[in-house]
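Printed here is query_5.csv (CSV, C-alpha atoms):
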```csv
chain,number,residue,atom,x,y,z
A,1,MET,CA,210.9,-141.7,87.6
A,2,LYS,CA,209.5,-142.2,91.1
A,3,LYS,CA,207.5,-139.0,90.8
A,4,LEU,CA,206.1,-140.1,87.4
A,5,LEU,CA,205.1,-143.5,88.8
A,6,PHE,CA,203.4,-141.8,91.8
A,7,PHE,CA,201.5,-139.5,89.5
A,8,ILE,CA,200.3,-142.4,87.3
A,9,LEU,CA,199.2,-144.4,90.4
A,10,ILE,CA,197.2,-141.5,91.8
A,11,PHE,CA,195.7,-140.7,88.4
A,12,THR,CA,194.5,-144.2,87.7
A,13,SER,CA,192.9,-144.5,91.1
A,14,ILE,CA,190.4,-141.6,90.5
A,15,ARG,CA,187.0,-142.1,88.9
A,16,VAL,CA,185.8,-138.9,87.2
A,17,SER,CA,182.3,-140.0,86.5
A,18,ALA,CA,179.7,-142.8,87.1
A,19,GLN,CA,180.4,-144.3,83.7
A,20,MET,CA,181.8,-147.8,83.3
A,21,TYR,CA,185.5,-148.0,82.5
A,22,GLN,CA,184.9,-149.3,79.0
A,23,GLU,CA,182.4,-146.5,78.3
A,24,GLN,CA,184.9,-144.0,79.5
A,25,GLY,CA,187.7,-145.6,77.5
A,26,ASP,CA,190.4,-145.1,80.2
A,27,LYS,CA,193.9,-145.7,79.0
A,28,TYR,CA,196.8,-147.1,81.0
A,29,PRO,CA,200.0,-146.1,79.2
A,30,ILE,CA,203.3,-147.9,79.0
A,31,ILE,CA,206.0,-146.2,81.1
A,32,ALA,CA,209.8,-146.7,81.2
A,33,ASP,CA,211.0,-148.0,84.6
A,34,GLU,CA,214.7,-148.0,84.4
A,35,ASN,CA,215.5,-150.4,81.5
A,36,LYS,CA,212.0,-152.0,81.4
A,37,TYR,CA,208.7,-151.0,79.9
A,38,ILE,CA,205.8,-151.6,82.3
A,39,VAL,CA,202.1,-150.7,82.9
A,40,SER,CA,201.5,-150.1,86.5
A,41,GLY,CA,198.9,-148.5,88.8
A,42,PHE,CA,195.9,-149.2,91.0
A,43,ILE,CA,192.1,-148.8,90.9
A,44,ALA,CA,190.1,-148.1,94.0
A,45,PHE,CA,186.8,-149.9,94.5
A,46,ASN,CA,185.5,-148.2,97.6
A,47,GLY,CA,182.9,-150.1,99.5
A,48,LEU,CA,183.3,-153.5,97.7
A,49,GLY,CA,185.7,-155.1,100.2
A,50,ASP,CA,189.0,-156.8,99.5
A,51,GLU,CA,187.5,-160.3,99.3
A,52,THR,CA,184.9,-159.3,96.7
A,53,ILE,CA,187.5,-157.4,94.6
A,54,PHE,CA,189.9,-160.4,94.8
A,55,SER,CA,187.2,-163.0,94.1
A,56,ASN,CA,186.0,-161.1,91.0
A,57,ALA,CA,189.5,-160.4,89.7
A,58,LEU,CA,190.4,-164.1,89.9
A,59,LEU,CA,187.1,-165.2,88.5
A,60,TRP,CA,187.6,-162.9,85.5
A,61,ALA,CA,191.1,-164.2,85.0
A,62,ILE,CA,189.8,-167.8,85.1
A,63,ASP,CA,187.1,-167.1,82.5
A,64,ASN,CA,189.2,-164.9,80.2
A,65,ILE,CA,192.9,-166.0,80.5
A,66,SER,CA,192.7,-169.7,81.4
A,67,PRO,CA,191.8,-172.2,78.6
A,68,LYS,CA,191.0,-174.8,81.3
A,69,MET,CA,191.3,-175.1,85.1
A,70,ARG,CA,193.7,-172.4,86.3
A,71,GLU,CA,196.2,-172.6,83.4
A,72,ASN,CA,198.2,-169.4,82.8
A,73,LEU,CA,197.5,-168.4,86.4
A,74,ASN,CA,200.4,-168.7,88.9
A,75,ASN,CA,201.2,-168.0,92.6
A,76,ILE,CA,197.6,-167.6,93.6
A,77,ASN,CA,197.8,-166.5,97.2
A,78,VAL,CA,194.5,-166.3,99.0
A,79,LYS,CA,195.9,-164.7,102.2
A,80,GLU,CA,197.8,-162.0,100.3
A,81,LYS,CA,195.0,-161.7,97.8
A,82,SER,CA,197.3,-161.8,94.8
A,83,PHE,CA,198.0,-163.8,91.7
A,84,GLU,CA,200.1,-163.7,88.5
A,85,ALA,CA,198.9,-164.3,85.0
A,86,ALA,CA,200.6,-165.1,81.7
A,87,ILE,CA,198.5,-163.1,79.2
A,88,THR,CA,198.2,-163.2,75.5
A,89,ILE,CA,196.7,-160.0,74.0
A,90,ALA,CA,195.6,-159.4,70.4
A,91,SER,CA,195.2,-156.1,68.6
A,92,ILE,CA,191.6,-154.7,68.8
A,93,ALA,CA,189.5,-155.8,65.8
A,94,GLY,CA,189.2,-153.1,63.2
A,95,SER,CA,192.2,-151.1,64.6
A,96,GLY,CA,194.2,-151.6,61.4
A,97,VAL,CA,196.9,-153.5,63.3
A,98,ASN,CA,197.0,-157.3,63.6
A,99,ASN,CA,199.6,-158.1,66.3
A,100,THR,CA,199.8,-160.5,69.2
A,101,TYR,CA,201.5,-159.6,72.4
A,102,HIS,CA,202.5,-161.6,75.5
A,103,CYS,CA,203.1,-160.3,78.9
A,104,LYS,CA,203.2,-161.1,82.6
A,105,ALA,CA,200.6,-159.4,84.9
A,106,ILE,CA,200.6,-159.3,88.7
A,107,PHE,CA,197.4,-158.4,90.5
A,108,ARG,CA,197.1,-157.7,94.2
A,109,VAL,CA,194.3,-156.4,96.4
A,110,ALA,CA,194.7,-154.3,99.5
A,111,ASN,CA,192.6,-151.6,101.2
A,112,GLU,CA,189.9,-151.9,98.6
A,113,LYS,CA,192.4,-151.2,95.8
A,114,LEU,CA,193.4,-153.5,92.9
A,115,VAL,CA,197.0,-153.0,92.1
A,116,TYR,CA,198.2,-154.2,88.7
A,117,HIS,CA,201.7,-154.5,87.3
A,118,ILE,CA,202.3,-155.6,83.7
A,119,SER,CA,205.8,-156.4,82.5
A,120,ASN,CA,207.8,-158.7,80.2
A,121,ILE,CA,205.9,-157.3,77.3
A,122,THR,CA,206.8,-159.0,73.9
A,123,LEU,CA,205.6,-158.8,70.4
A,124,GLU,CA,205.1,-162.1,68.6
A,125,SER,CA,206.7,-162.0,65.2
A,126,SER,CA,205.7,-164.8,62.8
A,127,GLY,CA,208.2,-165.9,60.2
A,128,LEU,CA,208.1,-168.5,57.4
A,129,LEU,CA,209.4,-171.3,59.6
A,130,ASN,CA,208.6,-170.2,63.2
A,131,SER,CA,207.8,-167.3,65.4
A,132,LYS,CA,209.8,-165.4,67.9
A,133,LEU,CA,209.1,-163.0,70.7
A,134,ILE,CA,210.6,-159.5,70.5
A,135,PRO,CA,210.9,-157.8,73.9
A,136,PHE,CA,209.7,-154.2,74.0
A,137,GLU,CA,213.0,-153.3,75.7
A,138,SER,CA,214.6,-153.7,72.2
A,139,PHE,CA,212.2,-151.1,70.7
A,140,ASN,CA,213.2,-147.6,69.8
A,141,PRO,CA,209.8,-145.8,69.3
A,142,GLN,CA,211.6,-142.4,68.9
A,143,LYS,CA,213.3,-143.5,65.7
A,144,LYS,CA,211.3,-146.4,64.3
A,145,GLU,CA,207.6,-145.8,63.4
A,146,ASN,CA,206.7,-149.5,63.5
A,147,HIS,CA,207.9,-149.7,67.1
A,148,LYS,CA,205.9,-146.7,68.0
A,149,ILE,CA,202.8,-148.1,66.3
A,150,ALA,CA,203.2,-151.5,68.1
A,151,MET,CA,203.6,-149.8,71.5
A,152,GLU,CA,200.5,-147.6,70.9
A,153,ASP,CA,198.6,-150.6,69.7
A,154,PHE,CA,199.6,-152.6,72.8
A,155,THR,CA,198.5,-149.7,75.1
A,156,ALA,CA,195.0,-149.7,73.4
A,157,SER,CA,194.7,-153.5,73.6
A,158,GLU,CA,195.8,-153.9,77.3
A,159,SER,CA,193.7,-150.8,78.3
A,160,LEU,CA,190.6,-152.5,76.8
A,161,MET,CA,191.4,-155.7,78.7
A,162,LEU,CA,191.9,-153.9,82.0
A,163,ASN,CA,188.7,-151.9,81.6
A,164,LYS,CA,186.8,-155.1,81.0
A,165,LEU,CA,188.3,-156.5,84.2
A,166,PHE,CA,187.5,-153.4,86.2
A,167,ASP,CA,183.9,-153.4,84.9
A,168,PHE,CA,183.5,-157.0,85.9
A,169,ILE,CA,184.7,-156.3,89.4
A,170,LEU,CA,182.2,-153.5,89.7
A,171,THR,CA,179.2,-155.3,88.3
A,172,ASN,CA,179.5,-159.1,89.0
A,173,LYS,CA,177.5,-160.3,91.9
A,174,ILE,CA,178.9,-163.3,93.8
A,175,PRO,CA,177.6,-165.4,96.6
A,176,THR,CA,179.1,-165.2,100.0
A,177,ILE,CA,182.6,-166.9,100.1
A,178,THR,CA,183.1,-168.8,103.3
A,179,HIS,CA,185.6,-171.5,102.3
A,180,TRP,CA,188.7,-169.4,101.8
A,181,GLU,CA,191.0,-172.0,103.6
A,182,GLU,CA,189.8,-174.7,101.2
A,183,ILE,CA,190.2,-172.4,98.2
A,184,GLY,CA,193.7,-171.7,99.2
A,185,LYS,CA,194.5,-175.4,99.6
A,186,GLN,CA,192.6,-176.3,96.4
A,187,LYS,CA,190.6,-178.7,98.5
A,188,ALA,CA,187.0,-179.7,97.8
A,189,ILE,CA,184.5,-180.3,100.6
A,190,LYS,CA,180.7,-180.7,100.6
A,191,GLY,CA,178.8,-177.5,100.9
A,192,MET,CA,181.1,-175.3,98.8
A,193,ASN,CA,179.2,-173.3,96.3
A,194,GLU,CA,180.0,-173.2,92.5
A,195,THR,CA,181.8,-169.9,92.8
A,196,GLU,CA,184.1,-171.2,95.5
A,197,CYS,CA,184.9,-174.3,93.5
A,198,LYS,CA,185.7,-172.3,90.5
A,199,LEU,CA,188.0,-170.1,92.5
A,200,ALA,CA,189.7,-173.2,93.9
A,201,PHE,CA,190.1,-175.3,90.8
A,202,GLY,CA,189.4,-173.0,87.9
A,203,LYS,CA,187.4,-173.6,84.7
A,204,PRO,CA,186.1,-177.2,84.3
A,205,GLN,CA,186.7,-178.9,81.0
A,206,ASP,CA,183.1,-180.0,80.7
A,207,ILE,CA,179.7,-179.2,82.4
A,208,GLN,CA,176.7,-181.4,82.3
A,209,ASP,CA,173.2,-180.6,83.7
A,210,ASN,CA,170.6,-183.3,84.0
A,211,GLY,CA,168.0,-181.1,85.7
A,212,THR,CA,168.6,-182.3,89.2
A,213,GLU,CA,172.3,-182.4,89.4
A,214,ILE,CA,175.2,-180.4,87.7
A,215,GLN,CA,178.4,-182.3,86.9
A,216,TRP,CA,181.8,-180.5,86.5
A,217,MET,CA,184.6,-182.6,85.0
A,218,TYR,CA,188.1,-181.3,85.5
A,219,THR,CA,190.0,-184.5,84.5
A,220,SER,CA,189.1,-188.1,83.8
A,221,SER,CA,189.5,-188.8,87.5
A,222,PHE,CA,188.2,-185.5,89.1
A,223,TYR,CA,184.5,-184.7,89.1
A,224,LEU,CA,182.4,-182.4,91.2
A,225,PHE,CA,178.6,-182.8,91.5
A,226,PHE,CA,176.3,-179.9,92.6
A,227,LYS,CA,172.8,-179.9,93.9
A,228,ASN,CA,171.1,-176.5,94.4
A,229,ASN,CA,174.4,-174.8,93.7
A,230,LEU,CA,176.2,-176.6,96.5
A,231,LEU,CA,178.8,-179.3,96.2
A,232,ASP,CA,177.2,-182.6,97.0
A,233,THR,CA,179.6,-185.3,95.7
A,234,ILE,CA,183.3,-185.4,95.0
A,235,ILE,CA,185.1,-188.0,92.8
A,236,LYS,CA,188.9,-187.6,92.9
```
Represent the supplied structure as structure tokens.
Amino acid sequence: MKKLLFFILIFTSIRVSAQMYQEQGDKYPIIADENKYIVSGFIAFNGLGDETIFSNALLWAIDNISPKMRENLNNINVKEKSFEAAITIASIAGSGVNNTYHCKAIFRVANEKLVYHISNITLESSGLLNSKLIPFESFNPQKKENHKIAMEDFTASESLMLNKLFDFILTNKIPTITHWEEIGKQKAIKGMNETECKLAFGKPQDIQDNGTEIQWMYTSSFYLFFKNNLLDTIIK
């Protein structure tokens, strides 16, 4: 098993062309790790720098996983450049499958590599009265075709999600981040740029732009006001 994991980690770190990840359609298969099903590996982003990789990974998660603020994101550690995410993934439109999956993902950046580890994978099964979560560990894809289809469908769906994340890291341009200490403490100070505030507090519930000032509302008692992309006024 260790040899298999090592092979997958090495394989997923190699880029075979200049194409984007979505264009190339890279797949990140489910593997059996003792009694658990996981998706695990790393991608190298040589030349980007750990802070840029981590910033873009967290920004993507805030935009695509959190409904507001930093919901569904946990244990964000600026020093370790890591965070956890509770992710809901739907089947790809037009795939012929219409499932919803839930999983836990851990992302960590080191040496210009983004390490990902997806576990606790469950299928949401809807009944007449309520829904329940069926863990993949209870599946038997060798004997049950519907289990095999669900696992293949999850692989296609999570691979698309990861490829979108990797492409975002490659292409998104961010301003210089200098307020890492404040981001780690979720503290707002004048002079922070919009990206730094988004990293610190997540997605605002409402944004208003009157032409001279931009207002971000997080709660009824927490507002940030920006002028020229820099934090100018804090109400908290």
Separation of atom CA of A:Asp50 and atom CA of A:Asn77, in Å?
-> 13.3 Å
Tell me which protein, DNA and RNA residues are within 8 Å of A:Gly25, counting only C-alpha atoms, leaving out same-chain ones fewer than 6 positions away, and put them as a list in words.
-> Ser159, Leu160 and Asn163 of chain A
Between A:Lys79, A:Asn130, A:Phe166, A:Arg70, which one has atoms that come closest to A:Glu181, using all atoms listed in the file?
->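 Going through A:Lys79, A:Asn130, A:Phe166, A:Arg70 one by one, the smallest distance to A:Glu181 is for A:Lys79.
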Closest-contact table, stretch 29-93 of chain A side, partner stretch 193-217 of chain A, 9 Å, counting only C-alpha atoms, as CSV:
```
residue,atom,partner,partner_atom,distance
A:Ser55,CA,A:Leu199,CA,7.3
A:Leu58,CA,A:Leu199,CA,7.0
A:Leu59,CA,A:Leu199,CA,6.4
A:Ile62,CA,A:Gly202,CA,5.9
A:Asp63,CA,A:Lys203,CA,6.9
A:Ser66,CA,A:Lys203,CA,7.4
A:Pro67,CA,A:Lys203,CA,7.7
A:Lys68,CA,A:Lys203,CA,5.1
A:Met69,CA,A:Gly202,CA,4.0
A:Arg70,CA,A:Gly202,CA,4.6
A:Glu71,CA,A:Gly202,CA,8.2
```
Atom CA of A:Leu48 to atom CA of A:Leu170, straight-line distance in Å | 8.1 Å
I want to know what sits within 6 Å of stretch 100-110 of chain A, based on all atoms listed in the file, with residues of the same chain fewer than 3 positions away left out; could you give that as a PDB file with C-alpha atoms, in the frame of the given file?
```
ATOM      1  CA  LYS A  81     195.000-161.700  97.800  1.00  0.00           C
ATOM      2  CA  SER A  82     197.300-161.800  94.800  1.00  0.00           C
ATOM      3  CA  PHE A  83     198.000-163.800  91.700  1.00  0.00           C
ATOM      4  CA  GLU A  84     200.100-163.700  88.500  1.00  0.00           C
ATOM      5  CA  ALA A  85     198.900-164.300  85.000  1.00  0.00           C
ATOM      6  CA  ALA A  86     200.600-165.100  81.700  1.00  0.00           C
ATOM      7  CA  ILE A  87     198.500-163.100  79.200  1.00  0.00           C
ATOM      8  CA  THR A  88     198.200-163.200  75.500  1.00  0.00           C
ATOM      9  CA  ILE A  89     196.700-160.000  74.000  1.00  0.00           C
ATOM     10  CA  ALA A  90     195.600-159.400  70.400  1.00  0.00           C
ATOM     11  CA  LYS A 113     192.400-151.200  95.800  1.00  0.00           C
ATOM     12  CA  LEU A 114     193.400-153.500  92.900  1.00  0.00           C
ATOM     13  CA  VAL A 115     197.000-153.000  92.100  1.00  0.00           C
ATOM     14  CA  TYR A 116     198.200-154.200  88.700  1.00  0.00           C
ATOM     15  CA  HIS A 117     201.700-154.500  87.300  1.00  0.00           C
ATOM     16  CA  ILE A 118     202.300-155.600  83.700  1.00  0.00           C
ATOM     17  CA  SER A 119     205.800-156.400  82.500  1.00  0.00           C
ATOM     18  CA  ASN A 120     207.800-158.700  80.200  1.00  0.00           C
ATOM     19  CA  ILE A 121     205.900-157.300  77.300  1.00  0.00           C
ATOM     20  CA  THR A 122     206.800-159.000  73.900  1.00  0.00           C
ATOM     21  CA  LEU A 123     205.600-158.800  70.400  1.00  0.00           C
ATOM     22  CA  GLU A 124     205.100-162.100  68.600  1.00  0.00           C
TER      23      GLU A 124
END
```
So what do you get for atom CA of A:Asn146 versus atom CA of A:Ala32, distance-wise?
->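 Distance reported for this atom pair: 18.2 Å.
Among the candidates A:Ala61, A:Ala44, A:Leu73, A:Val39, the residue lying nearest to A:Phe154 is A:Val39 (atoms considered: only C-alpha atoms).
With only C-alpha atoms as the atoms that count, the minimum distance from A:Trp180 to the choices A:Glu80, A:Glu112, A:Glu145, A:Asp153 is reached by A:Glu80.
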Find the residue from A:Asn64, A:Gln142, A:Asn56, A:Ser131 that sits nearest to A:Ile169; use only C-alpha atoms when measuring.
->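 Closest candidate: A:Asn56.
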Check the smallest atom-to-atom distance from each of A:Ile65, A:Ala57, A:Val78, A:Ile234 to A:Ala188 using all atoms listed in the file, then report the winner.
->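 Answer, going by the shortest atom-to-atom distance: A:Ile234.
For the residues A:Leu162, A:Ile235, A:Ile174, A:Leu224, ranking by smallest atom-to-atom distance to A:Pro29 using all atoms listed in the file places A:Leu162 first.
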